[in-house]
$ cat entry-v2.pdb   # PDB, C-alpha atoms and all ligand atoms
ATOM      1  CA  MET J   1      49.156  99.027 -56.501  1.00  0.00           C
ATOM      2  CA  ALA J   2      45.782  97.323 -56.668  1.00  0.00           C
ATOM      3  CA  ILE J   3      44.339  94.207 -58.204  1.00  0.00           C
ATOM      4  CA  LYS J   4      41.508  94.495 -60.703  1.00  0.00           C
ATOM      5  CA  ILE J   5      38.464  92.282 -60.435  1.00  0.00           C
ATOM      6  CA  GLY J   6      39.118  89.183 -62.537  1.00  0.00           C
ATOM      7  CA  GLU J   7      42.874  89.244 -62.018  1.00  0.00           C
ATOM      8  CA  SER J   8      42.481  87.234 -58.832  1.00  0.00           C
ATOM      9  CA  ASP J   9      41.177  84.364 -60.994  1.00  0.00           C
ATOM     10  CA  LYS J  10      44.396  84.457 -63.001  1.00  0.00           C
ATOM     11  CA  LEU J  11      46.466  84.429 -59.823  1.00  0.00           C
ATOM     12  CA  ALA J  12      44.450  81.483 -58.523  1.00  0.00           C
ATOM     13  CA  LYS J  13      45.038  79.543 -61.730  1.00  0.00           C
ATOM     14  CA  GLN J  14      48.757  80.235 -61.692  1.00  0.00           C
ATOM     15  CA  TRP J  15      49.032  79.259 -58.053  1.00  0.00           C
ATOM     16  CA  GLY J  16      46.924  76.100 -58.343  1.00  0.00           C
ATOM     17  CA  ASN J  17      45.766  74.248 -55.264  1.00  0.00           C
ATOM     18  CA  LYS J  18      48.925  74.609 -53.216  1.00  0.00           C
ATOM     19  CA  PRO J  19      48.506  75.801 -49.645  1.00  0.00           C
ATOM     20  CA  CYS J  20      49.216  79.491 -49.243  1.00  0.00           C
ATOM     21  CA  SER J  21      50.059  81.485 -46.157  1.00  0.00           C
ATOM     22  CA  HIS J  22      48.845  84.681 -47.840  1.00  0.00           C
ATOM     23  CA  PRO J  23      52.028  86.686 -47.208  1.00  0.00           C
ATOM     24  CA  SER J  24      50.737  89.910 -48.724  1.00  0.00           C
ATOM     25  CA  VAL J  25      47.542  91.379 -50.114  1.00  0.00           C
ATOM     26  CA  GLU J  26      46.524  94.232 -52.357  1.00  0.00           C
ATOM     27  CA  LYS J  27      43.249  96.091 -52.460  1.00  0.00           C
ATOM     28  CA  GLU J  28      40.814  94.900 -55.106  1.00  0.00           C
ATOM     29  CA  ILE J  29      39.318  97.448 -57.477  1.00  0.00           C
ATOM     30  CA  ASP J  30      36.418  97.080 -59.886  1.00  0.00           C
ATOM     31  CA  TRP J  31      36.286  98.056 -63.560  1.00  0.00           C
ATOM     32  CA  TYR J  32      35.813 101.700 -62.592  1.00  0.00           C
ATOM     33  CA  GLY J  33      38.805 101.785 -60.292  1.00  0.00           C
ATOM     34  CA  MET J  34      36.636 101.781 -57.174  1.00  0.00           C
ATOM     35  CA  GLN J  35      37.699  99.723 -54.210  1.00  0.00           C
ATOM     36  CA  THR J  36      35.482  96.713 -53.642  1.00  0.00           C
ATOM     37  CA  GLY J  37      36.346  96.433 -49.956  1.00  0.00           C
ATOM     38  CA  ASP J  38      38.059  93.121 -50.558  1.00  0.00           C
ATOM     39  CA  VAL J  39      41.769  92.483 -50.462  1.00  0.00           C
ATOM     40  CA  ILE J  40      43.420  89.868 -52.672  1.00  0.00           C
ATOM     41  CA  CYS J  41      46.355  87.650 -51.809  1.00  0.00           C
ATOM     42  CA  THR J  42      49.038  88.509 -54.363  1.00  0.00           C
ATOM     43  CA  GLN J  43      50.279  84.938 -54.304  1.00  0.00           C
ATOM     44  CA  CYS J  44      47.180  82.721 -54.597  1.00  0.00           C
ATOM     45  CA  GLY J  45      44.427  85.184 -55.526  1.00  0.00           C
ATOM     46  CA  ALA J  46      42.261  84.451 -52.488  1.00  0.00           C
ATOM     47  CA  ALA J  47      39.860  87.253 -51.599  1.00  0.00           C
ATOM     48  CA  PHE J  48      39.302  88.467 -48.058  1.00  0.00           C
ATOM     49  CA  PHE J  49      36.725  90.949 -46.891  1.00  0.00           C
ATOM     50  CA  GLY J  50      39.043  93.552 -45.468  1.00  0.00           C
ATOM     51  CA  LYS J  51      42.456  93.348 -43.874  1.00  0.00           C
ATOM     52  CA  ASP J  52      41.178  91.946 -40.577  1.00  0.00           C
ATOM     53  CA  ALA J  53      39.759  88.904 -42.374  1.00  0.00           C
ATOM     54  CA  TRP J  54      43.074  88.524 -44.161  1.00  0.00           C
ATOM     55  CA  ARG J  55      45.096  88.733 -40.926  1.00  0.00           C
ATOM     56  CA  LYS J  56      42.948  85.995 -39.390  1.00  0.00           C
ATOM     57  CA  ALA J  57      43.279  83.778 -42.467  1.00  0.00           C
ATOM     58  CA  ARG J  58      47.024  84.361 -42.537  1.00  0.00           C
ATOM     59  CA  GLU J  59      47.385  83.368 -38.879  1.00  0.00           C
ATOM     60  CA  LYS J  60      45.341  80.245 -39.505  1.00  0.00           C
ATOM     61  CA  ALA J  61      47.410  79.346 -42.572  1.00  0.00           C
ATOM     62  CA  LEU J  62      50.663  79.819 -40.656  1.00  0.00           C
ATOM     63  CA  GLU J  63      49.362  77.554 -37.899  1.00  0.00           C
ATOM     64  CA  GLU J  64      48.451  74.881 -40.448  1.00  0.00           C
ATOM     65  CA  GLU J  65      51.907  75.207 -41.920  1.00  0.00           C
ATOM     66  CA  LYS J  66      53.429  74.571 -38.511  1.00  0.00           C
ATOM     67  CA  LYS J  67      51.210  71.516 -38.079  1.00  0.00           C
ATOM     68  CA  ARG J  68      52.506  70.124 -41.339  1.00  0.00           C
ATOM     69  CA  GLY J  69      55.981  70.538 -39.873  1.00  0.00           C
ATOM     70  CA  LYS J  70      57.296  73.089 -42.320  1.00  0.00           C
TER      71      LYS J  70
HETATM   72 ZN    ZN J 101      47.313  83.322 -50.542  1.00  0.00          ZN
END
$ encode --input "entry-v2.pdb" --output "structure tokens"
Amino acid sequence: MAIKIGESDKLAKQWGNKPCSHPSVEKEIDWYGMQTGDVICTQCGAAFFGKDAWRKAREKALEEEKKRGK
């Protein structure tokens, strides 16, 4: 499964401004089905440049969640 360019905007709208721990991502593809190199959070639509960037963002988000006492 992959997420087409533009669909991340829809995800972002649906999700709103809630905090997200980015539990899972899918590769983003452009209109021609080519991978853009970005991965998209399937929950909030955030884009990360590659899975390493995502892993870092996810760790950070989980830490923030802990700070909020969740
Ligand atoms: Zn997310």
$ residues_near_ligand --input "entry-v2.pdb" --ligand "ligand ZN 101 (chain J)" --cutoff "6 Å" --atoms "all atoms listed in the file" --output "PDB file with C-alpha atoms, in the frame of the given file"
ATOM      1  CA  CYS J  20      49.216  79.491 -49.243  1.00  0.00           C
ATOM      2  CA  SER J  21      50.059  81.485 -46.157  1.00  0.00           C
ATOM      3  CA  HIS J  22      48.845  84.681 -47.840  1.00  0.00           C
ATOM      4  CA  CYS J  41      46.355  87.650 -51.809  1.00  0.00           C
ATOM      5  CA  GLN J  43      50.279  84.938 -54.304  1.00  0.00           C
ATOM      6  CA  CYS J  44      47.180  82.721 -54.597  1.00  0.00           C
ATOM      7  CA  ALA J  46      42.261  84.451 -52.488  1.00  0.00           C
TER       8      ALA J  46
END
$ atom_distance --input "entry-v2.pdb" --atom1 "CA of Asp30 in chain J" --atom2 "CA of Trp15 in chain J"
21.9 Å
$ residues_around --input "entry-v2.pdb" --residues "Ile3 in chain J" --least-positions-apart "4" --cutoff "7 Å" --atoms "only C-alpha atoms" --output "list in words"
Glu7, Glu26, Lys27, Glu28 and Ile29 of chain J
$ resolve_selection --input "entry-v2.pdb" --expression "the PyMOL selection byres (((chain J and resi 61) around 12) and not hetatm)" --output "MDAnalysis selection string"
chainID J and resid 18:23 54:60 62:68 70
$ atom_distance --input "entry-v2.pdb" --atom1 "CA of Gly33 in chain J" --atom2 "CA of Gly16 in chain J"
27.0 Å
$ atom_distance --input "entry-v2.pdb" --atom1 "CA of Lys10 in chain J" --atom2 "CA of Val25 in chain J"
15.0 Å
$ resolve_selection --input "entry-v2.pdb" --expression "the PyMOL selection byres (((chain J and resi 49) around 7) and not hetatm)" --output "PyMOL selection string"
chain J and resi 37-39+47-48+50-51+53
$ axis_aligned_box --input "entry-v2.pdb" --around "range 37-51 of chain J" --padding-each-side "4 Å" --output "JSON"
{"center_x": 43.3, "center_y": 89.6, "center_z": -49.7, "size_x": 21.9, "size_y": 21.7, "size_z": 19.7}
$ build_atoms --input "entry-v2.pdb" --residues "range 12-27 of chain J" --atoms "N, CA and C atoms" --output "PDB file, in the frame of the given file"
ATOM      1  N   ALA J  12      44.859  82.779 -59.074  1.00  0.00           N
ATOM      2  CA  ALA J  12      44.450  81.483 -58.523  1.00  0.00           C
ATOM      3  C   ALA J  12      44.839  80.349 -59.456  1.00  0.00           C
ATOM      4  N   LYS J  13      44.680  80.570 -60.749  1.00  0.00           N
ATOM      5  CA  LYS J  13      45.038  79.543 -61.730  1.00  0.00           C
ATOM      6  C   LYS J  13      46.529  79.283 -61.727  1.00  0.00           C
ATOM      7  N   GLN J  14      47.298  80.365 -61.703  1.00  0.00           N
ATOM      8  CA  GLN J  14      48.757  80.235 -61.692  1.00  0.00           C
ATOM      9  C   GLN J  14      49.230  79.507 -60.439  1.00  0.00           C
ATOM     10  N   TRP J  15      48.594  79.812 -59.334  1.00  0.00           N
ATOM     11  CA  TRP J  15      49.032  79.259 -58.053  1.00  0.00           C
ATOM     12  C   TRP J  15      48.593  77.807 -57.902  1.00  0.00           C
ATOM     13  N   GLY J  16      47.441  77.456 -58.459  1.00  0.00           N
ATOM     14  CA  GLY J  16      46.924  76.100 -58.343  1.00  0.00           C
ATOM     15  C   GLY J  16      46.333  75.845 -56.971  1.00  0.00           C
ATOM     16  N   ASN J  17      46.401  74.607 -56.532  1.00  0.00           N
ATOM     17  CA  ASN J  17      45.766  74.248 -55.264  1.00  0.00           C
ATOM     18  C   ASN J  17      46.751  74.124 -54.104  1.00  0.00           C
ATOM     19  N   LYS J  18      47.938  74.688 -54.287  1.00  0.00           N
ATOM     20  CA  LYS J  18      48.925  74.609 -53.216  1.00  0.00           C
ATOM     21  C   LYS J  18      48.440  75.398 -52.004  1.00  0.00           C
ATOM     22  N   PRO J  19      48.848  74.985 -50.810  1.00  0.00           N
ATOM     23  CA  PRO J  19      48.506  75.801 -49.645  1.00  0.00           C
ATOM     24  C   PRO J  19      49.253  77.128 -49.701  1.00  0.00           C
ATOM     25  N   CYS J  20      48.621  78.159 -49.190  1.00  0.00           N
ATOM     26  CA  CYS J  20      49.216  79.491 -49.243  1.00  0.00           C
ATOM     27  C   CYS J  20      49.073  80.153 -47.891  1.00  0.00           C
ATOM     28  N   SER J  21      50.133  80.797 -47.448  1.00  0.00           N
ATOM     29  CA  SER J  21      50.059  81.485 -46.157  1.00  0.00           C
ATOM     30  C   SER J  21      49.697  82.959 -46.333  1.00  0.00           C
ATOM     31  N   HIS J  22      49.315  83.325 -47.549  1.00  0.00           N
ATOM     32  CA  HIS J  22      48.845  84.681 -47.840  1.00  0.00           C
ATOM     33  C   HIS J  22      49.797  85.749 -47.293  1.00  0.00           C
ATOM     34  N   PRO J  23      51.036  85.761 -47.769  1.00  0.00           N
ATOM     35  CA  PRO J  23      52.028  86.686 -47.208  1.00  0.00           C
ATOM     36  C   PRO J  23      51.706  88.160 -47.431  1.00  0.00           C
ATOM     37  N   SER J  24      51.077  88.497 -48.545  1.00  0.00           N
ATOM     38  CA  SER J  24      50.737  89.910 -48.724  1.00  0.00           C
ATOM     39  C   SER J  24      49.494  90.054 -49.585  1.00  0.00           C
ATOM     40  N   VAL J  25      48.778  91.137 -49.366  1.00  0.00           N
ATOM     41  CA  VAL J  25      47.542  91.379 -50.114  1.00  0.00           C
ATOM     42  C   VAL J  25      47.560  92.775 -50.719  1.00  0.00           C
ATOM     43  N   GLU J  26      46.758  92.924 -51.750  1.00  0.00           N
ATOM     44  CA  GLU J  26      46.524  94.232 -52.357  1.00  0.00           C
ATOM     45  C   GLU J  26      45.033  94.480 -52.373  1.00  0.00           C
ATOM     46  N   LYS J  27      44.666  95.757 -52.383  1.00  0.00           N
ATOM     47  CA  LYS J  27      43.249  96.091 -52.460  1.00  0.00           C
ATOM     48  C   LYS J  27      42.704  95.711 -53.827  1.00  0.00           C
TER      49      LYS J  27
END
